[in-house]
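Pasted below: model.cif, mmCIF, C-alpha atoms.
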```cif
data_entry
loop_
_atom_site.label_atom_id
_atom_site.label_comp_id
_atom_site.auth_asym_id
_atom_site.auth_seq_id
_atom_site.Cartn_x
_atom_site.Cartn_y
_atom_site.Cartn_z
CA MET A 1 26.10 59.55 19.42
CA ARG A 2 22.41 59.72 18.49
CA LYS A 3 23.16 62.08 15.60
CA LEU A 4 25.86 59.75 14.29
CA LEU A 5 23.41 56.85 14.38
CA LEU A 6 20.80 58.91 12.53
CA LEU A 7 23.36 59.68 9.82
CA LEU A 8 24.25 56.00 9.62
CA CYS A 9 20.59 55.12 9.12
CA VAL A 10 20.56 56.98 5.80
CA VAL A 11 22.84 54.46 4.09
CA LEU A 12 21.87 51.25 5.85
CA PRO A 13 19.82 48.57 4.06
CA ASN A 14 16.14 48.97 4.79
CA PRO A 15 15.75 46.16 7.41
CA LEU A 16 18.74 47.41 9.42
CA LYS A 17 17.62 51.02 9.01
CA LEU A 18 14.16 50.27 10.45
CA ALA A 19 15.60 48.21 13.29
CA LEU A 20 17.93 51.05 14.31
CA TYR A 21 15.18 53.68 14.02
CA ARG A 22 12.99 51.57 16.31
CA ALA A 23 15.86 51.21 18.76
CA LEU A 24 16.11 55.01 18.77
CA GLY A 25 12.44 55.30 19.74
CA PHE A 26 10.68 55.72 16.40
CA ARG A 27 7.30 54.01 16.10
CA ILE A 28 7.25 52.33 12.70
CA GLY A 29 4.59 50.01 11.32
CA LYS A 30 4.80 47.06 8.95
CA ASN A 31 5.95 47.01 5.31
CA VAL A 32 7.70 50.38 5.50
CA ARG A 33 10.46 51.34 3.06
CA ILE A 34 12.78 54.32 3.59
CA GLY A 35 15.39 55.18 0.98
CA LEU A 36 18.40 57.48 1.20
CA SER A 37 16.53 60.08 3.24
CA LEU A 38 17.50 61.96 6.40
CA ILE A 39 15.31 62.08 9.53
CA TRP A 40 17.20 64.51 11.73
CA ASP A 41 16.39 66.33 14.98
CA VAL A 42 12.81 65.01 15.15
CA ARG A 43 11.57 64.36 18.67
CA HIS A 44 8.54 62.15 18.00
CA VAL A 45 8.26 59.94 14.91
CA GLU A 46 5.31 57.71 14.08
CA ILE A 47 5.08 56.00 10.68
CA GLY A 48 2.13 53.75 9.87
CA ASN A 49 1.94 50.57 7.82
CA ASN A 50 2.73 50.33 4.10
CA CYS A 51 4.53 53.68 3.89
CA THR A 52 7.25 54.60 1.41
CA ILE A 53 9.77 57.42 1.76
CA ALA A 54 11.98 57.46 -1.32
CA HIS A 55 15.38 59.13 -1.78
CA PHE A 56 16.96 62.43 -0.72
CA ASN A 57 14.14 63.70 1.48
CA GLN A 58 14.93 65.73 4.61
CA PHE A 59 12.89 65.77 7.81
CA ARG A 60 14.48 68.09 10.37
CA GLY A 61 13.72 70.39 13.28
CA LEU A 62 10.32 68.81 14.03
CA GLN A 63 8.60 68.18 17.32
CA ARG A 64 6.29 65.61 15.67
CA LEU A 65 6.37 63.69 12.41
CA GLU A 66 3.30 61.52 11.89
CA LEU A 67 2.61 59.54 8.72
CA GLY A 68 -0.58 57.50 8.49
CA ASN A 69 -0.95 54.16 6.75
CA GLY A 70 -0.12 54.11 3.06
CA VAL A 71 1.69 57.45 2.84
CA TYR A 72 3.95 57.76 -0.22
CA ILE A 73 6.67 60.44 -0.42
CA LEU A 74 8.79 60.57 -3.57
CA ASN A 75 12.18 62.31 -3.89
CA LEU A 76 13.95 65.52 -2.85
CA ASN A 77 11.31 66.96 -0.52
CA GLU A 78 12.25 69.15 2.45
CA ILE A 79 10.12 69.16 5.60
CA ALA A 80 11.65 71.57 8.10
CA GLY A 81 10.51 72.89 11.47
CA GLY A 82 11.82 75.20 14.15
CA SER A 83 11.96 72.87 17.15
CA SER A 84 14.87 74.79 18.66
CA ASN A 85 12.48 77.69 19.35
CA PRO A 86 9.78 76.93 21.97
CA GLN A 87 7.30 79.31 20.33
CA TRP A 88 6.88 76.94 17.34
CA SER A 89 4.81 73.75 17.37
CA SER A 90 6.88 72.25 14.49
CA VAL A 91 4.44 69.51 13.50
CA PHE A 92 4.00 67.67 10.20
CA ILE A 93 1.09 65.24 9.83
CA ALA A 94 0.17 63.31 6.69
CA GLU A 95 -2.91 61.14 7.17
CA GLU A 96 -3.56 57.83 5.44
CA ASN A 97 -2.83 57.44 1.72
CA VAL A 98 -1.38 60.92 1.28
CA LYS A 99 0.96 61.18 -1.71
CA ILE A 100 3.71 63.78 -2.13
CA MET A 101 5.60 63.94 -5.41
CA SER A 102 9.13 65.40 -5.77
CA ARG A 103 10.84 68.69 -4.93
CA HIS A 104 8.34 70.30 -2.57
CA PHE A 105 9.08 72.39 0.53
CA PHE A 106 7.12 72.34 3.80
CA ASP A 107 7.84 74.99 6.41
CA CYS A 108 6.65 73.37 9.63
CA SER A 109 7.54 76.12 12.07
CA GLY A 110 3.86 75.89 12.95
CA THR A 111 1.68 72.92 11.96
CA VAL A 112 1.12 71.44 8.50
CA VAL A 113 -1.61 68.81 8.13
CA LEU A 114 -2.35 66.92 4.92
CA LYS A 115 -5.60 65.05 5.39
CA ALA A 116 -6.34 61.59 4.04
CA GLU A 117 -6.14 60.86 0.31
CA SER A 118 -4.68 64.26 -0.56
CA LEU A 119 -2.03 64.57 -3.26
CA VAL A 120 0.73 67.15 -3.68
CA GLY A 121 1.47 66.77 -7.37
CA GLY A 122 3.88 68.28 -9.86
CA ARG A 123 6.93 69.89 -8.24
CA ASP A 124 8.15 73.04 -6.47
CA SER A 125 5.12 73.79 -4.30
CA GLN A 126 5.70 75.53 -0.96
CA PHE A 127 3.75 75.29 2.29
CA TRP A 128 4.37 78.02 4.90
CA SER A 129 3.01 77.70 8.44
CA HIS A 130 4.23 81.02 9.82
CA SER A 131 3.70 84.64 8.88
CA ARG A 132 4.64 88.14 9.99
CA THR A 133 2.08 90.22 11.87
CA MET A 134 1.98 93.84 12.99
CA ALA A 135 0.56 94.68 16.43
CA ASP A 136 -1.42 97.84 17.16
CA ASP A 137 1.71 99.40 18.65
CA GLY A 138 3.56 98.91 15.37
CA THR A 139 5.80 96.07 16.49
CA LEU A 140 6.43 93.20 14.10
CA ALA A 141 6.48 89.55 15.03
CA LEU A 142 6.59 86.13 13.40
CA THR A 143 3.61 84.02 14.43
CA SER A 144 2.42 80.49 13.77
CA SER A 145 -0.14 80.20 10.99
CA PRO A 146 -1.18 76.56 10.44
CA VAL A 147 -1.73 75.03 7.01
CA GLU A 148 -4.47 72.43 6.61
CA VAL A 149 -5.00 70.63 3.29
CA GLY A 150 -8.35 68.87 3.27
CA ARG A 151 -9.28 65.31 2.52
CA GLY A 152 -8.92 64.30 -1.14
CA VAL A 153 -7.37 67.61 -2.19
CA TYR A 154 -5.11 67.88 -5.24
CA VAL A 155 -2.38 70.55 -5.13
CA GLY A 156 -0.86 71.31 -8.53
CA ALA A 157 2.70 72.27 -9.40
CA ARG A 158 4.40 75.43 -8.11
CA CYS A 159 1.64 76.40 -5.68
CA THR A 160 2.24 78.46 -2.54
CA LEU A 161 0.10 77.87 0.54
CA VAL A 162 0.53 80.28 3.45
CA GLY A 163 -1.42 79.91 6.72
CA CYS A 164 -4.50 78.62 4.94
CA THR A 165 -7.18 75.93 4.87
CA VAL A 166 -8.07 74.10 1.66
CA PRO A 167 -11.52 72.46 1.84
CA ASP A 168 -12.07 68.75 1.29
CA GLY A 169 -12.17 67.64 -2.33
CA ALA A 170 -10.70 70.85 -3.76
CA THR A 171 -8.25 71.19 -6.62
CA VAL A 172 -5.59 73.89 -6.29
CA ALA A 173 -4.59 74.92 -9.80
CA ALA A 174 -0.91 75.05 -10.73
CA GLY A 175 0.82 78.28 -9.75
CA SER A 176 -1.89 79.38 -7.32
CA VAL A 177 -1.22 81.26 -4.07
CA VAL A 178 -3.60 80.29 -1.25
CA VAL A 179 -3.61 82.63 1.77
CA LYS A 180 -7.19 82.27 3.06
CA ARG A 181 -8.93 79.84 5.39
CA HIS A 182 -11.58 78.56 3.02
CA PRO A 183 -14.63 77.05 4.78
CA PRO A 184 -15.98 73.57 3.95
CA GLU A 185 -17.83 73.25 0.67
CA PRO A 186 -20.66 70.82 -0.19
CA CYS A 187 -18.98 69.91 -3.48
CA ALA A 188 -15.53 69.85 -5.03
CA VAL A 189 -14.16 73.26 -6.02
CA LEU A 190 -11.34 74.70 -8.13
CA LEU A 191 -9.11 77.21 -6.35
CA ALA A 192 -6.95 79.30 -8.68
CA GLY A 193 -5.16 82.62 -8.93
CA ASN A 194 -3.09 84.95 -6.73
CA PRO A 195 -4.62 85.18 -4.23
CA ALA A 196 -6.56 82.00 -4.99
CA VAL A 197 -10.35 82.20 -5.10
CA ILE A 198 -13.01 79.67 -6.01
CA LYS A 199 -13.20 79.69 -9.80
CA LYS A 200 -15.57 76.77 -10.23
CA ARG A 201 -17.87 74.51 -8.22
CA TYR A 202 -18.38 70.93 -9.37
CA GLU A 203 -21.98 70.34 -8.30
CA THR A 204 -21.90 66.78 -9.67
CA HIS A 205 -19.07 65.90 -7.25
CA PRO A 206 -20.41 66.23 -3.71
CA VAL A 207 -17.88 66.03 -0.89
CA ALA A 208 -18.43 63.00 1.31
CA ALA A 209 -18.14 63.34 5.07
CA PRO A 210 -14.95 61.79 6.50
CA PRO A 211 -15.46 58.30 7.95
CA ASP A 212 -14.64 59.47 11.47
CA ALA A 213 -14.92 63.23 11.90
CA GLU A 214 -13.87 63.02 15.55
CA SER A 215 -10.43 61.50 14.78
CA PRO A 216 -8.51 64.02 12.62
CA VAL A 217 -5.21 62.18 13.03
CA PRO A 218 -5.39 58.41 12.47
CA VAL A 219 -3.33 56.16 14.68
CA ALA A 220 -1.40 53.62 12.67
CA GLN A 221 -2.99 50.21 13.15
CA GLY A 222 -0.56 47.52 14.12
CA ALA A 223 2.34 49.92 14.52
CA VAL A 224 5.15 48.52 16.60
CA GLN A 225 7.95 50.15 18.52
#
```

Would you write out, as C-alpha cells, the structure that this file holds?
Amino acid sequence: MRKLLLLLCVVLPNPLKLALYRALGFRIGKNVRIGLSLIWDVRHVEIGNNCTIAHFNQFRGLQRLELGNGVYILNLNEIAGGSSNPQWSSVFIAEENVKIMSRHFFDCSGTVVLKAESLVGGRDSQFWSHSRTMADDGTLALTSSPVEVGRGVYVGARCTLVGCTVPDGATVAAGSVVVKRHPPEPCAVLLAGNPAVIKKRYETHPVAAPPDAESPVPVAQGAVQ
C-alpha cells in the first residue's frame, strides 16, 4: 500500500502531494514544491523550507535523504542508494542553498554530502560513494567511500567524483575526475584533469570559515511533520 501511495504522489497536485508525504512520515518544511519526481524506498526524508524539486528526478534506495533550506534540484537527476544491503549507509545530504542542474547521477551506496551553497552545474556529472578494494590476501571487496563536496564549490559538466573530498570554495573544471581527499585550502582553487590536481590558487579569494563549523548538517528551521 505504501508503495502505491508513493507512486500516486508523483502525479498529485503539489498541496495534496505534500500532505500525503507528511502523512507517510516525511518531514517537509514550508514553501516546498515537488514536480513529477519519484521518492521511492527512502526510509528517512527531511526537506527544509523553500526547496524545489523539479520534474523526473528519482530518489530511491536511501536510508536518509536530507535537503536543507533553499535547495534547488532541476530535472532528470538520479540519486540512488543501496539500502537493501546493510553494509551501505545510503545517505544523501544537500545543505542549505545547494543547486543541482539536470541529468546528474549520484551513487549513494555510501554517503554523499553537498555542503552549503555548492552548485552542480552543466550536465552528466557522476558521484560515486563506493569503490573496489583488494585485501592483502588478494580478495576483492566493494567498500563505502564517501564523497564530500565543500561549501561554495562549483562542479562543472561531465565530472566524475569517486570517494573524494573537494575543499570549500573550489571549482572543479568540466570533464575532471576527482579521486583524492583534498585537504582544506586557505583560498579558492581550480581542480582539473584526470586525476584532478590543483591547477591554480586564487589568492585574492580567501575561503571564509563556515558560520557554524560544529553543525555540518543544518536542521531545517520551522520544518513540520

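The environment of Ile34 in chain A within 9 Å, counting all atoms listed in the file and disregarding residues fewer than 6 places along the same chain, consists of Val10, Asn14, Lys17, Leu18, Cys51, Thr52, Ile53, Ala54 and His55 of chain A.
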
_Quick check on the file I pasted: which residues fall under the PyMOL selection byres ((chain A and resi 114-120) around 10)? Write them as a PyMOL selection string._
chain A and resi 67-73+92-102+104+112-113+121-125+147-157+159+166+168-172+210+216-218

Please write the residues from the selection above to a file, keeping C-alpha atoms, as a PDB file, in the coordinates of the input.
```pdb
ATOM      1  CA  LEU A  67       2.610  59.540   8.720  1.00  0.00           C
ATOM      2  CA  GLY A  68      -0.580  57.500   8.490  1.00  0.00           C
ATOM      3  CA  ASN A  69      -0.950  54.160   6.750  1.00  0.00           C
ATOM      4  CA  GLY A  70      -0.120  54.110   3.060  1.00  0.00           C
ATOM      5  CA  VAL A  71       1.690  57.450   2.840  1.00  0.00           C
ATOM      6  CA  TYR A  72       3.950  57.760  -0.220  1.00  0.00           C
ATOM      7  CA  ILE A  73       6.670  60.440  -0.420  1.00  0.00           C
ATOM      8  CA  PHE A  92       4.000  67.670  10.200  1.00  0.00           C
ATOM      9  CA  ILE A  93       1.090  65.240   9.830  1.00  0.00           C
ATOM     10  CA  ALA A  94       0.170  63.310   6.690  1.00  0.00           C
ATOM     11  CA  GLU A  95      -2.910  61.140   7.170  1.00  0.00           C
ATOM     12  CA  GLU A  96      -3.560  57.830   5.440  1.00  0.00           C
ATOM     13  CA  ASN A  97      -2.830  57.440   1.720  1.00  0.00           C
ATOM     14  CA  VAL A  98      -1.380  60.920   1.280  1.00  0.00           C
ATOM     15  CA  LYS A  99       0.960  61.180  -1.710  1.00  0.00           C
ATOM     16  CA  ILE A 100       3.710  63.780  -2.130  1.00  0.00           C
ATOM     17  CA  MET A 101       5.600  63.940  -5.410  1.00  0.00           C
ATOM     18  CA  SER A 102       9.130  65.400  -5.770  1.00  0.00           C
ATOM     19  CA  HIS A 104       8.340  70.300  -2.570  1.00  0.00           C
ATOM     20  CA  VAL A 112       1.120  71.440   8.500  1.00  0.00           C
ATOM     21  CA  VAL A 113      -1.610  68.810   8.130  1.00  0.00           C
ATOM     22  CA  GLY A 121       1.470  66.770  -7.370  1.00  0.00           C
ATOM     23  CA  GLY A 122       3.880  68.280  -9.860  1.00  0.00           C
ATOM     24  CA  ARG A 123       6.930  69.890  -8.240  1.00  0.00           C
ATOM     25  CA  ASP A 124       8.150  73.040  -6.470  1.00  0.00           C
ATOM     26  CA  SER A 125       5.120  73.790  -4.300  1.00  0.00           C
ATOM     27  CA  VAL A 147      -1.730  75.030   7.010  1.00  0.00           C
ATOM     28  CA  GLU A 148      -4.470  72.430   6.610  1.00  0.00           C
ATOM     29  CA  VAL A 149      -5.000  70.630   3.290  1.00  0.00           C
ATOM     30  CA  GLY A 150      -8.350  68.870   3.270  1.00  0.00           C
ATOM     31  CA  ARG A 151      -9.280  65.310   2.520  1.00  0.00           C
ATOM     32  CA  GLY A 152      -8.920  64.300  -1.140  1.00  0.00           C
ATOM     33  CA  VAL A 153      -7.370  67.610  -2.190  1.00  0.00           C
ATOM     34  CA  TYR A 154      -5.110  67.880  -5.240  1.00  0.00           C
ATOM     35  CA  VAL A 155      -2.380  70.550  -5.130  1.00  0.00           C
ATOM     36  CA  GLY A 156      -0.860  71.310  -8.530  1.00  0.00           C
ATOM     37  CA  ALA A 157       2.700  72.270  -9.400  1.00  0.00           C
ATOM     38  CA  CYS A 159       1.640  76.400  -5.680  1.00  0.00           C
ATOM     39  CA  VAL A 166      -8.070  74.100   1.660  1.00  0.00           C
ATOM     40  CA  ASP A 168     -12.070  68.750   1.290  1.00  0.00           C
ATOM     41  CA  GLY A 169     -12.170  67.640  -2.330  1.00  0.00           C
ATOM     42  CA  ALA A 170     -10.700  70.850  -3.760  1.00  0.00           C
ATOM     43  CA  THR A 171      -8.250  71.190  -6.620  1.00  0.00           C
ATOM     44  CA  VAL A 172      -5.590  73.890  -6.290  1.00  0.00           C
ATOM     45  CA  PRO A 210     -14.950  61.790   6.500  1.00  0.00           C
ATOM     46  CA  PRO A 216      -8.510  64.020  12.620  1.00  0.00           C
ATOM     47  CA  VAL A 217      -5.210  62.180  13.030  1.00  0.00           C
ATOM     48  CA  PRO A 218      -5.390  58.410  12.470  1.00  0.00           C
TER      49      PRO A 218
END
```

*Around (3.3, 73.5, 9.0) in the file's own coordinates, what residues are found within 12 Å if you use all atoms listed in the file, given back as a PyMOL selection string?*
chain A and resi 61-65+78-83+88-94+105-114+126-131+143-149+161-165

*CA of Thr160 in chain A to CA of Val42 in chain A, straight-line distance in Å*: 24.6 Å

*Computed interatomic separation between CA of Ala173 in chain A and CA of Ala208 in chain A (Å)*: 21.4 Å
